[in-house]
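Here is the file work-v7.cif (mmCIF, N, CA and C atoms).
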data_run
loop_
_atom_site.group_PDB
_atom_site.id
_atom_site.type_symbol
_atom_site.label_atom_id
_atom_site.label_comp_id
_atom_site.auth_asym_id
_atom_site.auth_seq_id
_atom_site.Cartn_x
_atom_site.Cartn_y
_atom_site.Cartn_z
ATOM 1 N N MET X 225 -25.078 4.141 -7.455
ATOM 2 C CA MET X 225 -24.635 5.492 -7.168
ATOM 3 C C MET X 225 -23.275 5.761 -7.834
ATOM 4 N N TRP X 226 -22.375 4.766 -7.764
ATOM 5 C CA TRP X 226 -21.051 4.927 -8.348
ATOM 6 C C TRP X 226 -21.164 5.223 -9.835
ATOM 7 N N LEU X 227 -21.959 4.427 -10.531
ATOM 8 C CA LEU X 227 -22.113 4.592 -11.976
ATOM 9 C C LEU X 227 -22.755 5.935 -12.312
ATOM 10 N N ARG X 228 -23.703 6.351 -11.505
ATOM 11 C CA ARG X 228 -24.360 7.637 -11.745
ATOM 12 C C ARG X 228 -23.360 8.788 -11.593
ATOM 13 N N LEU X 229 -22.552 8.730 -10.543
ATOM 14 C CA LEU X 229 -21.534 9.752 -10.337
ATOM 15 C C LEU X 229 -20.519 9.746 -11.477
ATOM 16 N N TYR X 230 -20.129 8.551 -11.908
ATOM 17 C CA TYR X 230 -19.204 8.406 -13.042
ATOM 18 C C TYR X 230 -19.773 9.096 -14.281
ATOM 19 N N ASP X 231 -21.033 8.804 -14.583
ATOM 20 C CA ASP X 231 -21.673 9.394 -15.765
ATOM 21 C C ASP X 231 -21.802 10.912 -15.649
ATOM 22 N N ILE X 232 -22.142 11.408 -14.472
ATOM 23 C CA ILE X 232 -22.283 12.854 -14.278
ATOM 24 C C ILE X 232 -20.946 13.549 -14.493
ATOM 25 N N LEU X 233 -19.885 13.003 -13.882
ATOM 26 C CA LEU X 233 -18.564 13.617 -14.028
ATOM 27 C C LEU X 233 -18.093 13.553 -15.480
ATOM 28 N N HIS X 234 -18.327 12.431 -16.124
ATOM 29 C CA HIS X 234 -17.928 12.286 -17.523
ATOM 30 C C HIS X 234 -18.681 13.281 -18.404
ATOM 31 N N GLY X 235 -19.944 13.482 -18.111
ATOM 32 C CA GLY X 235 -20.756 14.425 -18.880
ATOM 33 C C GLY X 235 -20.274 15.858 -18.762
ATOM 34 N N HIS X 236 -19.554 16.158 -17.673
ATOM 35 C CA HIS X 236 -19.022 17.505 -17.476
ATOM 36 C C HIS X 236 -17.553 17.598 -17.891
ATOM 37 N N GLY X 237 -17.053 16.548 -18.531
ATOM 38 C CA GLY X 237 -15.686 16.580 -19.037
ATOM 39 C C GLY X 237 -14.623 16.192 -18.028
ATOM 40 N N VAL X 238 -15.031 15.724 -16.865
ATOM 41 C CA VAL X 238 -14.063 15.301 -15.853
ATOM 42 C C VAL X 238 -13.730 13.836 -16.125
ATOM 43 N N THR X 239 -12.476 13.571 -16.522
ATOM 44 C CA THR X 239 -12.091 12.208 -16.889
ATOM 45 C C THR X 239 -10.759 11.834 -16.240
ATOM 46 N N GLY X 240 -10.354 10.599 -16.461
ATOM 47 C CA GLY X 240 -9.032 10.129 -16.048
ATOM 48 C C GLY X 240 -8.817 10.125 -14.548
ATOM 49 N N ALA X 241 -7.614 10.535 -14.146
ATOM 50 C CA ALA X 241 -7.214 10.484 -12.745
ATOM 51 C C ALA X 241 -8.058 11.402 -11.866
ATOM 52 N N VAL X 242 -8.474 12.526 -12.419
ATOM 53 C CA VAL X 242 -9.293 13.456 -11.631
ATOM 54 C C VAL X 242 -10.621 12.799 -11.275
ATOM 55 N N ARG X 243 -11.279 12.210 -12.261
ATOM 56 C CA ARG X 243 -12.555 11.537 -12.000
ATOM 57 C C ARG X 243 -12.344 10.378 -11.029
ATOM 58 N N GLY X 244 -11.314 9.576 -11.257
ATOM 59 C CA GLY X 244 -11.042 8.450 -10.364
ATOM 60 C C GLY X 244 -10.777 8.898 -8.943
ATOM 61 N N GLY X 245 -10.032 9.989 -8.800
ATOM 62 C CA GLY X 245 -9.730 10.513 -7.469
ATOM 63 C C GLY X 245 -10.969 11.017 -6.750
ATOM 64 N N LEU X 246 -11.827 11.700 -7.497
ATOM 65 C CA LEU X 246 -13.071 12.200 -6.910
ATOM 66 C C LEU X 246 -13.969 11.051 -6.445
ATOM 67 N N ILE X 247 -14.124 10.070 -7.313
ATOM 68 C CA ILE X 247 -14.984 8.934 -6.967
ATOM 69 C C ILE X 247 -14.396 8.160 -5.783
ATOM 70 N N SER X 248 -13.077 7.987 -5.761
ATOM 71 C CA SER X 248 -12.439 7.281 -4.648
ATOM 72 C C SER X 248 -12.633 8.015 -3.330
ATOM 73 N N ALA X 249 -12.473 9.327 -3.359
ATOM 74 C CA ALA X 249 -12.645 10.121 -2.140
ATOM 75 C C ALA X 249 -14.071 10.016 -1.610
ATOM 76 N N ILE X 250 -15.036 10.092 -2.496
ATOM 77 C CA ILE X 250 -16.444 9.979 -2.086
ATOM 78 C C ILE X 250 -16.735 8.569 -1.584
ATOM 79 N N ASP X 251 -16.200 7.557 -2.259
ATOM 80 C CA ASP X 251 -16.387 6.169 -1.847
ATOM 81 C C ASP X 251 -15.848 5.942 -0.431
ATOM 82 N N CYS X 252 -14.644 6.426 -0.171
ATOM 83 C CA CYS X 252 -14.048 6.290 1.172
ATOM 84 C C CYS X 252 -14.891 7.014 2.221
ATOM 85 N N ALA X 253 -15.347 8.212 1.883
ATOM 86 C CA ALA X 253 -16.161 8.979 2.827
ATOM 87 C C ALA X 253 -17.469 8.260 3.145
ATOM 88 N N LEU X 254 -18.099 7.655 2.140
ATOM 89 C CA LEU X 254 -19.352 6.928 2.375
ATOM 90 C C LEU X 254 -19.131 5.703 3.267
ATOM 91 N N TRP X 255 -18.027 4.961 3.052
ATOM 92 C CA TRP X 255 -17.730 3.823 3.925
ATOM 93 C C TRP X 255 -17.485 4.307 5.356
ATOM 94 N N ASP X 256 -16.794 5.427 5.496
ATOM 95 C CA ASP X 256 -16.513 5.978 6.821
ATOM 96 C C ASP X 256 -17.809 6.399 7.515
ATOM 97 N N ILE X 257 -18.692 7.049 6.801
ATOM 98 C CA ILE X 257 -19.984 7.465 7.366
ATOM 99 C C ILE X 257 -20.787 6.247 7.824
ATOM 100 N N LYS X 258 -20.831 5.207 6.981
ATOM 101 C CA LYS X 258 -21.575 3.994 7.340
ATOM 102 C C LYS X 258 -20.976 3.325 8.573
ATOM 103 N N GLY X 259 -19.652 3.251 8.616
ATOM 104 C CA GLY X 259 -18.993 2.658 9.778
ATOM 105 C C GLY X 259 -19.284 3.420 11.062
ATOM 106 N N LYS X 260 -19.239 4.737 10.988
ATOM 107 C CA LYS X 260 -19.531 5.555 12.174
ATOM 108 C C LYS X 260 -20.994 5.421 12.581
ATOM 109 N N ALA X 261 -21.880 5.355 11.607
ATOM 110 C CA ALA X 261 -23.312 5.221 11.910
ATOM 111 C C ALA X 261 -23.611 3.892 12.598
ATOM 112 N N LEU X 262 -22.894 2.829 12.178
ATOM 113 C CA LEU X 262 -23.114 1.503 12.772
ATOM 114 C C LEU X 262 -22.207 1.219 13.965
ATOM 115 N N GLY X 263 -21.255 2.109 14.204
ATOM 116 C CA GLY X 263 -20.336 1.932 15.324
ATOM 117 C C GLY X 263 -19.313 0.825 15.116
ATOM 118 N N VAL X 264 -18.948 0.566 13.870
ATOM 119 C CA VAL X 264 -17.949 -0.470 13.572
ATOM 120 C C VAL X 264 -16.886 0.103 12.635
ATOM 121 N N PRO X 265 -15.663 -0.437 12.685
ATOM 122 C CA PRO X 265 -14.626 0.047 11.775
ATOM 123 C C PRO X 265 -14.892 -0.396 10.337
ATOM 124 N N VAL X 266 -14.379 0.348 9.393
ATOM 125 C CA VAL X 266 -14.604 0.056 7.979
ATOM 126 C C VAL X 266 -14.084 -1.334 7.609
ATOM 127 N N TRP X 267 -12.942 -1.742 8.164
ATOM 128 C CA TRP X 267 -12.402 -3.064 7.815
ATOM 129 C C TRP X 267 -13.385 -4.169 8.165
ATOM 130 N N GLU X 268 -14.189 -3.954 9.186
ATOM 131 C CA GLU X 268 -15.198 -4.949 9.553
ATOM 132 C C GLU X 268 -16.343 -4.959 8.527
ATOM 133 N N LEU X 269 -16.724 -3.789 8.038
ATOM 134 C CA LEU X 269 -17.760 -3.707 7.005
ATOM 135 C C LEU X 269 -17.311 -4.391 5.714
ATOM 136 N N LEU X 270 -16.023 -4.373 5.464
ATOM 137 C CA LEU X 270 -15.483 -4.944 4.229
ATOM 138 C C LEU X 270 -15.187 -6.436 4.333
ATOM 139 N N GLY X 271 -15.603 -7.064 5.409
ATOM 140 C CA GLY X 271 -15.426 -8.511 5.501
ATOM 141 C C GLY X 271 -14.642 -8.985 6.701
ATOM 142 N N GLY X 272 -14.119 -8.085 7.496
ATOM 143 C CA GLY X 272 -13.419 -8.496 8.703
ATOM 144 C C GLY X 272 -11.925 -8.672 8.521
ATOM 145 N N LYS X 273 -11.301 -9.072 9.599
ATOM 146 C CA LYS X 273 -9.859 -9.241 9.650
ATOM 147 C C LYS X 273 -9.417 -10.376 8.733
ATOM 148 N N MET X 274 -8.425 -10.139 7.929
ATOM 149 C CA MET X 274 -7.940 -11.138 6.981
ATOM 150 C C MET X 274 -6.645 -11.804 7.443
ATOM 151 N N ARG X 275 -5.849 -11.114 8.254
ATOM 152 C CA ARG X 275 -4.568 -11.660 8.720
ATOM 153 C C ARG X 275 -4.171 -10.995 10.028
ATOM 154 N N GLU X 276 -3.265 -11.634 10.730
ATOM 155 C CA GLU X 276 -2.819 -11.113 12.024
ATOM 156 C C GLU X 276 -1.828 -9.960 11.869
ATOM 157 N N ALA X 277 -0.991 -10.035 10.847
ATOM 158 C CA ALA X 277 0.023 -9.001 10.628
ATOM 159 C C ALA X 277 0.217 -8.795 9.132
ATOM 160 N N ILE X 278 0.678 -7.621 8.773
ATOM 161 C CA ILE X 278 0.961 -7.309 7.377
ATOM 162 C C ILE X 278 2.452 -7.030 7.253
ATOM 163 N N PRO X 279 3.150 -7.813 6.436
ATOM 164 C CA PRO X 279 4.576 -7.540 6.274
ATOM 165 C C PRO X 279 4.802 -6.218 5.539
ATOM 166 N N VAL X 280 5.775 -5.471 5.983
ATOM 167 C CA VAL X 280 6.109 -4.206 5.349
ATOM 168 C C VAL X 280 7.566 -4.259 4.895
ATOM 169 N N TYR X 281 7.955 -3.319 4.070
ATOM 170 C CA TYR X 281 9.339 -3.266 3.632
ATOM 171 C C TYR X 281 9.847 -1.837 3.718
ATOM 172 N N GLY X 282 11.152 -1.718 3.798
ATOM 173 C CA GLY X 282 11.783 -0.417 3.791
ATOM 174 C C GLY X 282 12.560 -0.242 2.501
ATOM 175 N N HIS X 283 13.167 0.911 2.319
ATOM 176 C CA HIS X 283 13.991 1.165 1.145
ATOM 177 C C HIS X 283 15.422 1.397 1.597
ATOM 178 N N ALA X 284 16.348 0.692 0.973
ATOM 179 C CA ALA X 284 17.758 0.827 1.313
ATOM 180 C C ALA X 284 18.517 1.312 0.093
ATOM 181 N N SER X 285 19.082 2.507 0.194
ATOM 182 C CA SER X 285 19.858 3.024 -0.934
ATOM 183 C C SER X 285 21.341 2.731 -0.777
ATOM 184 N N THR X 286 21.722 2.249 0.409
ATOM 185 C CA THR X 286 23.118 1.866 0.650
ATOM 186 C C THR X 286 23.134 0.579 1.459
ATOM 187 N N PRO X 287 24.241 -0.140 1.428
ATOM 188 C CA PRO X 287 24.341 -1.342 2.265
ATOM 189 C C PRO X 287 24.177 -1.030 3.757
ATOM 190 N N GLU X 288 24.667 0.120 4.185
ATOM 191 C CA GLU X 288 24.526 0.508 5.596
ATOM 192 C C GLU X 288 23.060 0.697 5.964
ATOM 193 N N ALA X 289 22.300 1.302 5.059
ATOM 194 C CA ALA X 289 20.865 1.486 5.297
ATOM 195 C C ALA X 289 20.161 0.135 5.372
ATOM 196 N N ALA X 290 20.584 -0.812 4.544
ATOM 197 C CA ALA X 290 20.000 -2.157 4.570
ATOM 198 C C ALA X 290 20.276 -2.830 5.913
ATOM 199 N N GLU X 291 21.489 -2.709 6.400
ATOM 200 C CA GLU X 291 21.830 -3.319 7.689
ATOM 201 C C GLU X 291 21.030 -2.689 8.825
ATOM 202 N N LYS X 292 20.783 -1.387 8.753
ATOM 203 C CA LYS X 292 19.964 -0.727 9.781
ATOM 204 C C LYS X 292 18.534 -1.249 9.749
ATOM 205 N N LEU X 293 18.010 -1.472 8.538
ATOM 206 C CA LEU X 293 16.656 -2.027 8.421
ATOM 207 C C LEU X 293 16.596 -3.426 9.037
ATOM 208 N N VAL X 294 17.601 -4.242 8.747
ATOM 209 C CA VAL X 294 17.653 -5.595 9.316
ATOM 210 C C VAL X 294 17.731 -5.516 10.838
ATOM 211 N N ASP X 295 18.547 -4.604 11.351
ATOM 212 C CA ASP X 295 18.668 -4.429 12.813
ATOM 213 C C ASP X 295 17.350 -3.996 13.446
ATOM 214 N N ARG X 296 16.532 -3.264 12.694
ATOM 215 C CA ARG X 296 15.228 -2.809 13.199
ATOM 216 C C ARG X 296 14.138 -3.858 13.035
ATOM 217 N N GLY X 297 14.495 -5.017 12.457
ATOM 218 C CA GLY X 297 13.525 -6.100 12.357
ATOM 219 C C GLY X 297 12.875 -6.273 10.995
ATOM 220 N N TYR X 298 13.240 -5.464 10.023
ATOM 221 C CA TYR X 298 12.677 -5.619 8.679
ATOM 222 C C TYR X 298 13.183 -6.914 8.058
ATOM 223 N N ARG X 299 12.276 -7.642 7.417
ATOM 224 C CA ARG X 299 12.656 -8.857 6.701
ATOM 225 C C ARG X 299 12.746 -8.612 5.208
ATOM 226 N N PHE X 300 12.159 -7.525 4.719
ATOM 227 C CA PHE X 300 12.140 -7.213 3.298
ATOM 228 C C PHE X 300 12.509 -5.751 3.084
ATOM 229 N N PHE X 301 13.194 -5.483 1.998
ATOM 230 C CA PHE X 301 13.458 -4.104 1.640
ATOM 231 C C PHE X 301 13.731 -3.998 0.145
ATOM 232 N N LYS X 302 13.488 -2.790 -0.404
ATOM 233 C CA LYS X 302 13.827 -2.490 -1.793
ATOM 234 C C LYS X 302 15.253 -1.977 -1.790
ATOM 235 N N TRP X 303 15.942 -2.258 -2.878
ATOM 236 C CA TRP X 303 17.312 -1.782 -2.991
ATOM 237 C C TRP X 303 17.644 -1.488 -4.444
ATOM 238 N N GLU X 304 18.714 -0.750 -4.643
ATOM 239 C CA GLU X 304 19.166 -0.410 -5.984
ATOM 240 C C GLU X 304 19.862 -1.624 -6.582
ATOM 241 N N LEU X 305 19.486 -2.001 -7.779
ATOM 242 C CA LEU X 305 19.997 -3.206 -8.423
ATOM 243 C C LEU X 305 21.511 -3.180 -8.600
ATOM 244 N N TYR X 306 22.074 -2.006 -8.825
ATOM 245 C CA TYR X 306 23.503 -1.911 -9.109
ATOM 246 C C TYR X 306 24.369 -1.760 -7.855
ATOM 247 N N THR X 307 23.766 -1.741 -6.673
ATOM 248 C CA THR X 307 24.518 -1.561 -5.437
ATOM 249 C C THR X 307 25.256 -2.839 -5.068
ATOM 250 N N LYS X 308 26.507 -2.704 -4.651
ATOM 251 C CA LYS X 308 27.281 -3.857 -4.185
ATOM 252 C C LYS X 308 26.917 -4.088 -2.722
ATOM 253 N N TRP X 309 26.453 -5.320 -2.405
ATOM 254 C CA TRP X 309 25.970 -5.629 -1.067
ATOM 255 C C TRP X 309 26.990 -6.422 -0.276
ATOM 256 N N PRO X 310 27.019 -6.212 1.044
ATOM 257 C CA PRO X 310 27.975 -6.933 1.890
ATOM 258 C C PRO X 310 27.611 -8.411 2.023
ATOM 259 N N GLU X 311 28.570 -9.200 2.502
ATOM 260 C CA GLU X 311 28.342 -10.629 2.753
ATOM 261 C C GLU X 311 27.169 -10.789 3.714
ATOM 262 N N GLY X 312 26.426 -11.881 3.558
ATOM 263 C CA GLY X 312 25.345 -12.169 4.488
ATOM 264 C C GLY X 312 23.978 -11.691 4.029
ATOM 265 N N LEU X 313 23.938 -10.846 3.015
ATOM 266 C CA LEU X 313 22.653 -10.408 2.481
ATOM 267 C C LEU X 313 22.463 -11.149 1.153
ATOM 268 N N ALA X 314 21.779 -12.277 1.223
ATOM 269 C CA ALA X 314 21.652 -13.161 0.061
ATOM 270 C C ALA X 314 20.714 -12.581 -0.983
ATOM 271 N N ARG X 315 21.086 -12.704 -2.231
ATOM 272 C CA ARG X 315 20.279 -12.226 -3.343
ATOM 273 C C ARG X 315 19.382 -13.354 -3.826
ATOM 274 N N ARG X 316 18.142 -13.028 -4.160
ATOM 275 C CA ARG X 316 17.203 -14.044 -4.613
ATOM 276 C C ARG X 316 16.418 -13.526 -5.809
ATOM 277 N N LYS X 317 16.436 -14.253 -6.890
ATOM 278 C CA LYS X 317 15.681 -13.928 -8.102
ATOM 279 C C LYS X 317 15.951 -12.504 -8.593
ATOM 280 N N GLY X 318 17.176 -12.104 -8.647
ATOM 281 C CA GLY X 318 17.550 -10.814 -9.236
ATOM 282 C C GLY X 318 17.206 -9.613 -8.393
ATOM 283 N N LYS X 319 15.964 -9.155 -8.465
ATOM 284 C CA LYS X 319 15.586 -7.914 -7.783
ATOM 285 C C LYS X 319 15.024 -8.127 -6.389
ATOM 286 N N LYS X 320 14.649 -9.370 -6.044
ATOM 287 C CA LYS X 320 14.015 -9.606 -4.752
ATOM 288 C C LYS X 320 15.056 -10.082 -3.742
ATOM 289 N N GLN X 321 14.883 -9.664 -2.514
ATOM 290 C CA GLN X 321 15.806 -10.063 -1.478
ATOM 291 C C GLN X 321 15.045 -10.288 -0.188
ATOM 292 N N GLU X 322 15.315 -11.384 0.468
ATOM 293 C CA GLU X 322 14.703 -11.674 1.757
ATOM 294 C C GLU X 322 15.812 -11.871 2.770
ATOM 295 N N VAL X 323 15.645 -11.287 3.928
ATOM 296 C CA VAL X 323 16.646 -11.404 4.982
ATOM 297 C C VAL X 323 16.017 -12.123 6.145
ATOM 298 N N SER X 324 16.680 -13.149 6.671
ATOM 299 C CA SER X 324 16.124 -13.882 7.809
ATOM 300 C C SER X 324 16.830 -13.493 9.077
#
Could you rewrite the structure in this file as structure tokens?
Amino acid sequence: MWLRLYDILHGHGVTGAVRGGLISAIDCALWDIKGKALGVPVWELLGGKMREAIPVYGHASTPEAAEKLVDRGYRFFKWELYTKWPEGLARRKGKKQEVS
């Protein structure tokens, strides 16, 4: 079905991000319909639970914002490379930073 839809859209001149977006939206809707019909969540249809938790990160544009993220329990965050950081926030491998 995916390939048929791809070919139909391509035949009508729909290409690139538009075609990809259309196919993705239909794909998600079909998984949702199947999950509702079977009474199970989509993640279960796709193979089940893979991990207990998923680490997330925040964005810190200032050292103060980074400290607030740490206070809220974040272990990872994105930051501006040129920002001067306070003591205690160790730098690792240039752009990556982990806070314990």
For the structure I just gave you, how does DSSP split range 228-319 of chain X - specifically, which residues are alpha helix (DSSP H)? Reply as an mmCIF file with N, CA and C atoms, keeping the file's coordinate frame.
data_model
loop_
_atom_site.group_PDB
_atom_site.id
_atom_site.type_symbol
_atom_site.label_atom_id
_atom_site.label_comp_id
_atom_site.auth_asym_id
_atom_site.auth_seq_id
_atom_site.Cartn_x
_atom_site.Cartn_y
_atom_site.Cartn_z
ATOM 1 N N ARG X 228 -23.703 6.351 -11.505
ATOM 2 C CA ARG X 228 -24.360 7.637 -11.745
ATOM 3 C C ARG X 228 -23.360 8.788 -11.593
ATOM 4 N N LEU X 229 -22.552 8.730 -10.543
ATOM 5 C CA LEU X 229 -21.534 9.752 -10.337
ATOM 6 C C LEU X 229 -20.519 9.746 -11.477
ATOM 7 N N TYR X 230 -20.129 8.551 -11.908
ATOM 8 C CA TYR X 230 -19.204 8.406 -13.042
ATOM 9 C C TYR X 230 -19.773 9.096 -14.281
ATOM 10 N N ASP X 231 -21.033 8.804 -14.583
ATOM 11 C CA ASP X 231 -21.673 9.394 -15.765
ATOM 12 C C ASP X 231 -21.802 10.912 -15.649
ATOM 13 N N ILE X 232 -22.142 11.408 -14.472
ATOM 14 C CA ILE X 232 -22.283 12.854 -14.278
ATOM 15 C C ILE X 232 -20.946 13.549 -14.493
ATOM 16 N N LEU X 233 -19.885 13.003 -13.882
ATOM 17 C CA LEU X 233 -18.564 13.617 -14.028
ATOM 18 C C LEU X 233 -18.093 13.553 -15.480
ATOM 19 N N HIS X 234 -18.327 12.431 -16.124
ATOM 20 C CA HIS X 234 -17.928 12.286 -17.523
ATOM 21 C C HIS X 234 -18.681 13.281 -18.404
ATOM 22 N N GLY X 235 -19.944 13.482 -18.111
ATOM 23 C CA GLY X 235 -20.756 14.425 -18.880
ATOM 24 C C GLY X 235 -20.274 15.858 -18.762
ATOM 25 N N GLY X 240 -10.354 10.599 -16.461
ATOM 26 C CA GLY X 240 -9.032 10.129 -16.048
ATOM 27 C C GLY X 240 -8.817 10.125 -14.548
ATOM 28 N N ALA X 241 -7.614 10.535 -14.146
ATOM 29 C CA ALA X 241 -7.214 10.484 -12.745
ATOM 30 C C ALA X 241 -8.058 11.402 -11.866
ATOM 31 N N VAL X 242 -8.474 12.526 -12.419
ATOM 32 C CA VAL X 242 -9.293 13.456 -11.631
ATOM 33 C C VAL X 242 -10.621 12.799 -11.275
ATOM 34 N N ARG X 243 -11.279 12.210 -12.261
ATOM 35 C CA ARG X 243 -12.555 11.537 -12.000
ATOM 36 C C ARG X 243 -12.344 10.378 -11.029
ATOM 37 N N GLY X 244 -11.314 9.576 -11.257
ATOM 38 C CA GLY X 244 -11.042 8.450 -10.364
ATOM 39 C C GLY X 244 -10.777 8.898 -8.943
ATOM 40 N N GLY X 245 -10.032 9.989 -8.800
ATOM 41 C CA GLY X 245 -9.730 10.513 -7.469
ATOM 42 C C GLY X 245 -10.969 11.017 -6.750
ATOM 43 N N LEU X 246 -11.827 11.700 -7.497
ATOM 44 C CA LEU X 246 -13.071 12.200 -6.910
ATOM 45 C C LEU X 246 -13.969 11.051 -6.445
ATOM 46 N N ILE X 247 -14.124 10.070 -7.313
ATOM 47 C CA ILE X 247 -14.984 8.934 -6.967
ATOM 48 C C ILE X 247 -14.396 8.160 -5.783
ATOM 49 N N SER X 248 -13.077 7.987 -5.761
ATOM 50 C CA SER X 248 -12.439 7.281 -4.648
ATOM 51 C C SER X 248 -12.633 8.015 -3.330
ATOM 52 N N ALA X 249 -12.473 9.327 -3.359
ATOM 53 C CA ALA X 249 -12.645 10.121 -2.140
ATOM 54 C C ALA X 249 -14.071 10.016 -1.610
ATOM 55 N N ILE X 250 -15.036 10.092 -2.496
ATOM 56 C CA ILE X 250 -16.444 9.979 -2.086
ATOM 57 C C ILE X 250 -16.735 8.569 -1.584
ATOM 58 N N ASP X 251 -16.200 7.557 -2.259
ATOM 59 C CA ASP X 251 -16.387 6.169 -1.847
ATOM 60 C C ASP X 251 -15.848 5.942 -0.431
ATOM 61 N N CYS X 252 -14.644 6.426 -0.171
ATOM 62 C CA CYS X 252 -14.048 6.290 1.172
ATOM 63 C C CYS X 252 -14.891 7.014 2.221
ATOM 64 N N ALA X 253 -15.347 8.212 1.883
ATOM 65 C CA ALA X 253 -16.161 8.979 2.827
ATOM 66 C C ALA X 253 -17.469 8.260 3.145
ATOM 67 N N LEU X 254 -18.099 7.655 2.140
ATOM 68 C CA LEU X 254 -19.352 6.928 2.375
ATOM 69 C C LEU X 254 -19.131 5.703 3.267
ATOM 70 N N TRP X 255 -18.027 4.961 3.052
ATOM 71 C CA TRP X 255 -17.730 3.823 3.925
ATOM 72 C C TRP X 255 -17.485 4.307 5.356
ATOM 73 N N ASP X 256 -16.794 5.427 5.496
ATOM 74 C CA ASP X 256 -16.513 5.978 6.821
ATOM 75 C C ASP X 256 -17.809 6.399 7.515
ATOM 76 N N ILE X 257 -18.692 7.049 6.801
ATOM 77 C CA ILE X 257 -19.984 7.465 7.366
ATOM 78 C C ILE X 257 -20.787 6.247 7.824
ATOM 79 N N LYS X 258 -20.831 5.207 6.981
ATOM 80 C CA LYS X 258 -21.575 3.994 7.340
ATOM 81 C C LYS X 258 -20.976 3.325 8.573
ATOM 82 N N GLY X 259 -19.652 3.251 8.616
ATOM 83 C CA GLY X 259 -18.993 2.658 9.778
ATOM 84 C C GLY X 259 -19.284 3.420 11.062
ATOM 85 N N LYS X 260 -19.239 4.737 10.988
ATOM 86 C CA LYS X 260 -19.531 5.555 12.174
ATOM 87 C C LYS X 260 -20.994 5.421 12.581
ATOM 88 N N ALA X 261 -21.880 5.355 11.607
ATOM 89 C CA ALA X 261 -23.312 5.221 11.910
ATOM 90 C C ALA X 261 -23.611 3.892 12.598
ATOM 91 N N LEU X 262 -22.894 2.829 12.178
ATOM 92 C CA LEU X 262 -23.114 1.503 12.772
ATOM 93 C C LEU X 262 -22.207 1.219 13.965
ATOM 94 N N VAL X 266 -14.379 0.348 9.393
ATOM 95 C CA VAL X 266 -14.604 0.056 7.979
ATOM 96 C C VAL X 266 -14.084 -1.334 7.609
ATOM 97 N N TRP X 267 -12.942 -1.742 8.164
ATOM 98 C CA TRP X 267 -12.402 -3.064 7.815
ATOM 99 C C TRP X 267 -13.385 -4.169 8.165
ATOM 100 N N GLU X 268 -14.189 -3.954 9.186
ATOM 101 C CA GLU X 268 -15.198 -4.949 9.553
ATOM 102 C C GLU X 268 -16.343 -4.959 8.527
ATOM 103 N N LEU X 269 -16.724 -3.789 8.038
ATOM 104 C CA LEU X 269 -17.760 -3.707 7.005
ATOM 105 C C LEU X 269 -17.311 -4.391 5.714
ATOM 106 N N PRO X 287 24.241 -0.140 1.428
ATOM 107 C CA PRO X 287 24.341 -1.342 2.265
ATOM 108 C C PRO X 287 24.177 -1.030 3.757
ATOM 109 N N GLU X 288 24.667 0.120 4.185
ATOM 110 C CA GLU X 288 24.526 0.508 5.596
ATOM 111 C C GLU X 288 23.060 0.697 5.964
ATOM 112 N N ALA X 289 22.300 1.302 5.059
ATOM 113 C CA ALA X 289 20.865 1.486 5.297
ATOM 114 C C ALA X 289 20.161 0.135 5.372
ATOM 115 N N ALA X 290 20.584 -0.812 4.544
ATOM 116 C CA ALA X 290 20.000 -2.157 4.570
ATOM 117 C C ALA X 290 20.276 -2.830 5.913
ATOM 118 N N GLU X 291 21.489 -2.709 6.400
ATOM 119 C CA GLU X 291 21.830 -3.319 7.689
ATOM 120 C C GLU X 291 21.030 -2.689 8.825
ATOM 121 N N LYS X 292 20.783 -1.387 8.753
ATOM 122 C CA LYS X 292 19.964 -0.727 9.781
ATOM 123 C C LYS X 292 18.534 -1.249 9.749
ATOM 124 N N LEU X 293 18.010 -1.472 8.538
ATOM 125 C CA LEU X 293 16.656 -2.027 8.421
ATOM 126 C C LEU X 293 16.596 -3.426 9.037
ATOM 127 N N VAL X 294 17.601 -4.242 8.747
ATOM 128 C CA VAL X 294 17.653 -5.595 9.316
ATOM 129 C C VAL X 294 17.731 -5.516 10.838
ATOM 130 N N ASP X 295 18.547 -4.604 11.351
ATOM 131 C CA ASP X 295 18.668 -4.429 12.813
ATOM 132 C C ASP X 295 17.350 -3.996 13.446
#
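Counting all atoms listed in the file, the residue from X:Arg299, X:Lys258, X:Arg243, X:Arg275 that sits nearest to Tyr230 in chain X is X:Arg243.
Against the coordinates shown, the PyMOL selection byres (((chain X and resi 293 and name CA) around 12) and name CA) returns Val280, Tyr281, Gly282, His283, Ala284, Ser285, Thr286, Pro287, Glu288, Ala289, Ala290, Glu291, Lys292, Val294, Asp295, Arg296, Gly297, Tyr298, Arg299, Phe300, Phe301, Lys302, Trp303, Leu313, Glu322, Val323 and Ser324 of chain X.
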